[in-house]
Structures are given as C-alpha cells and as structure tokens.
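Here's the structure we're looking at; comments come further down.
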Amino acid sequence: MVLYTPGRTTKYSSKNIDSGIQFHFLGGGNEVGNVGCVIEDSTGTRLLIDYGLAPTRPPKYPDECPPISDAIITHSHIDHIGMAPWLTQHQNIRLHGTSLTADVSEIMWRDTYKVSSIEGYPLAWDKRDMEYALDSWYPHEYGEWFKVGAWKCRLHRAGHLPGAAMVEIKTPTHSILWSGDIDTRDSPNTLGAIPVECDILCLEGTYGGREHPDRPKEEQKLVQKVLDIVGKRGVALIPAFASGRGQDILMILHQYAPHLNVHFDGMGTRITSHWFDNPQHIRDPNRLKDMWRWVKRVSGKSDRKKALTADVIVTTSGMLDGGPALWYLNRLRHDLSNEILLTGYQAEGSGGRKLLDEGKINIFRNLIQIDLEITRFQLSNHAGHSELCNFARECKPKHLILFHAPDEGRNDIFSELSEEMETHLPVNGRPIQIDP
Ligand SMILES: [Zn+2]
C-alpha cells in the first residue's frame with residue numbers, strides 16, 4: 001500500500017518565502033509524537049527536523065515532506081525517526097544527528113519493520129529504503145558547526161536520553177533553538193540540557209501543566225517496592241523502553257540494591273552495546289560498565305526460562321505491546337506474589353493502558369485477566385512544567401513555538417509565558433511565519 005505519493009499529498013506551499021522565517025509542521029505540531037517540521041527562509045534554505053511515526057495501531061504518519069536536501073534527527077525514538085527511511089529513498093537527502101542516534105537507528109528501524117509485519121499494518125518504506133537511510137547519515141558531535149544551505153547548525157545535549165540532541169540554527173536573520181525532547185534534570189545515564197540563548201525557541205511540551213515528583217525520592221520508592229516484592233518471594237516485572245528508561249532503571253537497582261538478581265531482556269541489550277561505542281554521550285561510562293557486568297543479559301530461550309526465577313526482570317516493550325514483557329507476564333501472572341511496575345507513559349490504545357483501565361491485556365491474541373498488583377512510578381525523561389518554563393526563560397527568546405504537547409499542557413505553558421515572550425501554538429499543515 002502506498003501511503004505517500006511524492007508531490008501529490010503534500011500540503012507544503014511551493015511559493016518562495018519573501019522575508020522572515022517559516023515553520024511548517026508536518027506532524028507533532030498540535031499532538032504528541034509523529035514529529036516533523038520544515039523550516040525555511042528567504043535564502044531558499046529548507047531544513048527538516050525529525051520525521052517520525054506514532055507507534056499506535058495502525059501507526060500515525062506525518063504529512064508528506066516537500067523536497068529537501070537535509071534533515072536533522074534529534075534522537076532515536078520512533079516518533080522522531082520512524083519515517084526517515086522513506087525520506088532518504090525518495091529524496092536522496094543527508095541525515096544529520098549524533099553518532100549514537102545514527103548507530104541506534106538501525107535497531108529502531110528493524111524493530112518497526114518487524115512489528116509492522118507481525119501486526120500486518122502497512123509501512124511506507126521497506127528494507128531496501130532502510131539500507132539507503134543507513135548510508136545517508138552524517139554524524140556530528142555536540143558543539144560542532146555544520147552548514148545547511150545558507151545556515152549554520154550545531155547540536156547540543158538534550159538530556160532526554162544519551163545521544164539526544166537539541167538543534168541550534170543560525171540563519172542570516174535569526175537564531176533558533178529546537179529543543180527536541182528535552183529534560184533539564186540529570187538522570188542516571190545523561191546530564192540535563194542547558195539553555196541556549198536564541199531569538200526563536202521551539203519547545204516540546206509533553207509535560208506542560210504537569211510537575212514531576214522529586215526524582216531521587218521516586219527512585220527510592222521504586223527500590224523499596226522491588227525489595228518488598230522480593231521479600232515475599234515474588235518477581236518484579238518492569239516493562240521499560242529499550243532506549244533510555246530500561247538502562248536508567250538498571251543503574252538505579254545496581255546502585256541501591258546490588259544484591260538482587262536482575263535480568264535484562266529485549267532490544268535494550270543491543271542498544272546498550274552502542275552506548276559503549278559512544279562513551280562521550282554517557283554520563284559515567286565506567287559506572288555503566290560495572291552495571292553491565294552485574295546485570296544478567298538474556299540472550300536466548302533457556303536464559304528466558306532462568307529469568308523467571310529472578311528477583312527483577314527489566315524488559316521491553318515499555319507499554320506492554322509486545323516483546324518479551326508479554327512472554328514473562330503470561331508466565332508470572334499465575335503467582336500473585338509477582339508484581340508489575342510501570343515506569344513510563346502508557347499511550348491510549350497500548351497494552352499497558354488497557355491493563356491499567358480494564359485489568360486485562362491481549363497476550364498472543366487472547367484477552368487475559370491479570371490479577372497481579374500494578375504500581376506506577378514517575379521516572380519520565382521529559383522536563384516537567386516548571387523545568388520547561390524556566391528553560392524557556394533562560395533561553396531569552398522573542399518567540400516561543402510550543403509543539404509536541406497535549407492541548408491542555410501547552411495551554412498551561414501559554415498562560416504562564418505568553419506575557420514574557422510571543423508564544424505560538426502551531427497546528428499541523430498551517431505554517432507560522434516570523435518576520436525579521
Ligand atoms: Zn523521545
């Protein structure tokens with residue numbers, strides 16, 4: 001099934017920009033995930049930032065991208081990177097990003113391809129496109145300037161996960177900072193993002209209107225819960241994202257409860273090996289190495305059976321939509337001393353969401369009642385409301401463009417900041433023009 005026909009489905013205007021600078025969201029403007037934004041000015045320079053898909057069932061895609069020559073990918077989460085193979089095959093573009101994002105991209109794309117085949121939904125690109133995308137990477141270190149048309153760009157640490165980047169752009173008339181997904185707080189494997197002064201700040205608002213609990217306290221709560229479960233001879237099943245959250249949880253457990261028998265399963269094991277290849281992106285590579293020697297990595301069926309007698313299993317998928325997490329849950333569900341600990345956002349329509357709302361989940365196509373106790377922890381890798389507002393103030397922009405946010409969340413940021421800076425709420429497909 002062809003989802004994109006070049007030149008036929010784009011809403012992007014072919015008119016030249018006379019002055020100023022234009023931001024056109026293909027996706028992620030007035031929604032979370034599915035990000036893609038084309039920035040263009042009167043020099044004719046055009047840059048795409050991110051091109052993802054929302055991993056819903058079926059997936060949601062951004063609008064078709066107009067002709068471009070360069071795209072910057074902020075990080076390797078699928079809602080920012082998932083559609084890049086379509087782009088490189090159809091437009092022969094350069095993909096810019098950090099070396100770690102480039103390294104991890106192959107695992108993310110292969111997994112997306114595999115899941116789409118298993119689930120039977122169409123994907124706009126195939127394996128050949130993916131190979132093409134892998135050859136299209138131009139990796140950059142943080143702080144290193146590179147040219148895109150008449151502009152200069154460089155990447156900065158975003159704090160969201162190792163290798164995640166913010167993008168600073170200098171055009172002849174404006175300086176722009178694109179936050180990507182950010183966290184200004186330090187986490188076990190990366191330090192937080194630092195504000196960069198700019199004229200125009202494009203800021204994600206996933207957690208607009210919501211404050212996070214104190215992270216060290218939340219980490220302690222998680223460790224205590226795990227110890228309680230182990231104390232009654234249960235297994236703590238912790239579904240976690242493969243890139244970021246899973247490794248953070250392992251670092252926390254290694255630090256505070258090293259006597260536990262902890263197993264790690266799923267594609268996070270392969271992603272972590274790329275972290276070791278890119279130590280400049282890791283907060284403390286030696287501590288990560290110590291943790292890696294300590295945790296038991298699951299690499300086959302017999303390992304998986306052994307893991308059933310562990311104290312803790314950390315595994316994908318983070319939203320219980322597939323992966324080894326369901327295999328484990330199907331076996332652990334019979335013994336009520338076992339418990340499930342959820343540490344991330346559970347999207348509408350995901351397995352984890354169904355489990356929370358209805359106490360049931362689809363396992364291998366059967367709807368199954370789960371009676372295990374479920375506890376949620378707030379270990380987000382996105383800045384909360386106050387962190388977002390403080391970050392915006394410290395960047396001192398004249399204009400603020402709030403994207404990648406639920407409606408309520410961005411309205412809350414708007415009410416707090418709109419008197420201090422001109423605040424824009426983008427809508428997909430409706431360009432925002434900012435004059436010099
Ligand atoms: Zn992300």
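Each chain in the structure tokens gets a letter, A, B and so on, in the order shown; residues start at 1 in every chain, and ligands are counted from 1 in the order they appear.
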**Report entry** ligand 1 neighbours within 9 Å using only C-alpha atoms and all ligand atoms, as a ChimeraX atom specification
**Finding:** /A:33,74-80,160-161,164,180-182,381-382
**Report entry** Filtered DSSP result for stretch 339-399 of chain A, state helix (DSSP H, G or I), as JSON, numbers by chain
**Finding:** {"A": [351, 352, 353, 354, 355, 356, 357, 358, 385, 386, 387, 388, 389, 390, 391, 392, 393, 394, 395]}
Using only C-alpha atoms, determine which residues lie at most 9 Å from A:Asp284, disregarding the query and same-chain residues fewer than 3 positions distant; provide the list as a JSON list (two decimals) with all heavy atoms, in the first residue's frame.
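The new file selection.json reads:
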[["chain", "number", "residue", "atom", "x", "y", "z"],
["A", 188, "PRO", "N", 20.30, 8.96, 35.50],
["A", 188, "PRO", "CA", 21.44, 8.08, 35.73],
["A", 188, "PRO", "C", 22.44, 8.01, 34.57],
["A", 188, "PRO", "O", 23.64, 7.87, 34.80],
["A", 188, "PRO", "CB", 20.79, 6.72, 35.96],
["A", 188, "PRO", "CG", 19.46, 7.04, 36.53],
["A", 188, "PRO", "CD", 19.03, 8.30, 35.84],
["A", 189, "ASN", "N", 21.98, 8.14, 33.33],
["A", 189, "ASN", "CA", 22.90, 7.94, 32.21],
["A", 189, "ASN", "C", 23.21, 9.18, 31.38],
["A", 189, "ASN", "O", 24.01, 9.10, 30.44],
["A", 189, "ASN", "CB", 22.37, 6.83, 31.30],
["A", 189, "ASN", "CG", 22.52, 5.47, 31.96],
["A", 189, "ASN", "OD1", 23.63, 5.07, 32.30],
["A", 189, "ASN", "ND2", 21.41, 4.79, 32.21],
["A", 190, "THR", "N", 22.56, 10.30, 31.68],
["A", 190, "THR", "CA", 22.91, 11.53, 30.95],
["A", 190, "THR", "C", 22.67, 12.75, 31.82],
["A", 190, "THR", "O", 21.82, 12.73, 32.72],
["A", 190, "THR", "CB", 22.11, 11.66, 29.62],
["A", 190, "THR", "OG1", 22.52, 12.84, 28.94],
["A", 190, "THR", "CG2", 20.63, 11.73, 29.84],
["A", 279, "PRO", "N", 31.00, 6.48, 24.14],
["A", 279, "PRO", "CA", 31.06, 6.83, 25.58],
["A", 279, "PRO", "C", 30.96, 8.32, 25.85],
["A", 279, "PRO", "O", 30.60, 8.73, 26.95],
["A", 279, "PRO", "CB", 32.43, 6.28, 26.01],
["A", 279, "PRO", "CG", 33.22, 6.16, 24.75],
["A", 279, "PRO", "CD", 32.23, 5.87, 23.65],
["A", 281, "HIS", "N", 28.74, 10.17, 25.05],
["A", 281, "HIS", "CA", 27.34, 10.50, 25.32],
["A", 281, "HIS", "C", 26.83, 9.94, 26.64],
["A", 281, "HIS", "O", 25.66, 10.11, 26.98],
["A", 281, "HIS", "CB", 26.45, 9.98, 24.17],
["A", 281, "HIS", "CG", 26.64, 10.77, 22.90],
["A", 281, "HIS", "ND1", 26.28, 12.08, 22.80],
["A", 281, "HIS", "CD2", 27.17, 10.43, 21.70],
["A", 281, "HIS", "CE1", 26.56, 12.53, 21.59],
["A", 281, "HIS", "NE2", 27.11, 11.54, 20.90],
["A", 287, "ARG", "N", 30.65, 3.52, 35.38],
["A", 287, "ARG", "CA", 29.53, 3.00, 36.19],
["A", 287, "ARG", "C", 28.60, 2.16, 35.32],
["A", 287, "ARG", "O", 28.07, 1.14, 35.76],
["A", 287, "ARG", "CB", 28.74, 4.15, 36.82],
["A", 287, "ARG", "CG", 29.35, 4.62, 38.14],
["A", 287, "ARG", "CD", 28.39, 5.55, 38.86],
["A", 287, "ARG", "NE", 27.09, 4.95, 39.08],
["A", 287, "ARG", "CZ", 25.95, 5.62, 39.18],
["A", 287, "ARG", "NH1", 25.95, 6.93, 39.08],
["A", 287, "ARG", "NH2", 24.81, 5.00, 39.40],
["A", 288, "LEU", "N", 28.42, 2.59, 34.09],
["A", 288, "LEU", "CA", 27.57, 1.81, 33.17],
["A", 288, "LEU", "C", 28.19, 0.43, 32.94],
["A", 288, "LEU", "O", 27.50, -0.59, 32.93],
["A", 288, "LEU", "CB", 27.39, 2.56, 31.85],
["A", 288, "LEU", "CG", 26.43, 1.90, 30.86],
["A", 288, "LEU", "CD1", 24.98, 2.00, 31.32],
["A", 288, "LEU", "CD2", 26.54, 2.52, 29.47],
["A", 289, "LYS", "N", 29.51, 0.43, 32.80],
["A", 289, "LYS", "CA", 30.22, -0.84, 32.58],
["A", 289, "LYS", "C", 30.05, -1.78, 33.78],
["A", 289, "LYS", "O", 29.80, -2.97, 33.62],
["A", 289, "LYS", "CB", 31.71, -0.56, 32.37],
["A", 289, "LYS", "CG", 32.22, -1.04, 31.02],
["A", 289, "LYS", "CD", 33.67, -0.69, 30.82],
["A", 289, "LYS", "CE", 33.82, 0.13, 29.55],
["A", 289, "LYS", "NZ", 35.09, 0.79, 29.41]]
Query raised in the report: Contacts of stretch 267-272 of chain A at 8 Å or less, counting only C-alpha atoms, minus same-chain residues fewer than 4 places along, as number ranges by chain?
Result: A: 104, 107, 241-243, 246-247, 276, 297, 315-316
Restrict the selected residues to C-alpha atoms and save them as a PDB file, in the first residue's frame.
ATOM      1  CA  VAL A 104      20.887   3.032  17.221  1.00  0.00           C
ATOM      2  CA  ILE A 107      17.817  -1.351  15.592  1.00  0.00           C
ATOM      3  CA  PHE A 241      11.652   1.309  26.881  1.00  0.00           C
ATOM      4  CA  ALA A 242      14.716  -0.117  25.166  1.00  0.00           C
ATOM      5  CA  SER A 243      16.433   3.213  24.763  1.00  0.00           C
ATOM      6  CA  GLY A 246      15.481   0.470  30.843  1.00  0.00           C
ATOM      7  CA  GLN A 247      19.155   1.331  31.363  1.00  0.00           C
ATOM      8  CA  PHE A 276      29.570   1.649  24.882  1.00  0.00           C
ATOM      9  CA  ARG A 297      21.569 -10.274  29.991  1.00  0.00           C
ATOM     10  CA  THR A 315      12.388  -5.824  29.562  1.00  0.00           C
ATOM     11  CA  THR A 316      10.662  -4.373  26.505  1.00  0.00           C
TER      12      THR A 316
END
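Considering the residues A:Phe403, A:Pro431, A:Ile413, A:Arg215 and counting only C-alpha atoms, A:Glu31 has its shortest atom-to-atom contact with A:Phe403.
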Report task. Determine, counting only C-alpha atoms, which protein, DNA and RNA residues have an atom within 12 Å of an atom of A:Arg157; residues of the same chain fewer than 4 positions away are not included. Present the result as JSON, numbers by chain. Result -> {"A": [74, 75, 97, 98, 140, 141, 142, 143, 144, 161, 162, 163, 164, 165, 166, 167, 168, 178, 179, 180, 181, 182, 183, 184, 185, 186, 190, 191, 192, 193, 194, 195, 196, 280, 281, 282, 283]}
**Report entry** Neighbour list for A:Leu320 as a count of residues only, cut-off 12 Å, only C-alpha atoms, skip fewer than 2 positions in-chain
**Finding:** 40
**Report entry** Nearby residues (only C-alpha atoms) at most 6 Å from stretch 201-211 of chain A, same-chain spacing under 2 positions excluded, as an MDAnalysis selection string
**Finding:** chainID A and resid 176:179 384:385 397 400:405 409:410 412:413
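Rounded to one decimal, atom CA of A:Thr43 and atom CA of A:Asn92 lie 21.2 Å from each other.
The shortest atom-to-atom distance to A:Glu219, with only C-alpha atoms taken into account, belongs to A:His254 out of A:Lys60, A:His254, A:Lys11, A:Lys396.
With distances restricted to only C-alpha atoms, A:Ser187 is the closest residue to A:Arg245 from A:Ser105, A:Ser273, A:Ser187, A:Asn278.
We find atom CA of A:Asp41 and atom CA of A:Pro426 to be spaced 17.5 Å apart.
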Report task. Grab the atom CA of A:Trp294 to atom CA of A:Ala102 distance for me, in Å with one decimal place. Result -> 27.5 Å
Report task. Go through stretch 82-152 of chain A and collect every residue that DSSP, computed from the backbone, puts in strand (DSSP E); the answer should be as a PyMOL selection string. Result -> chain A and resi 94-97+137-139+146-148+151-152
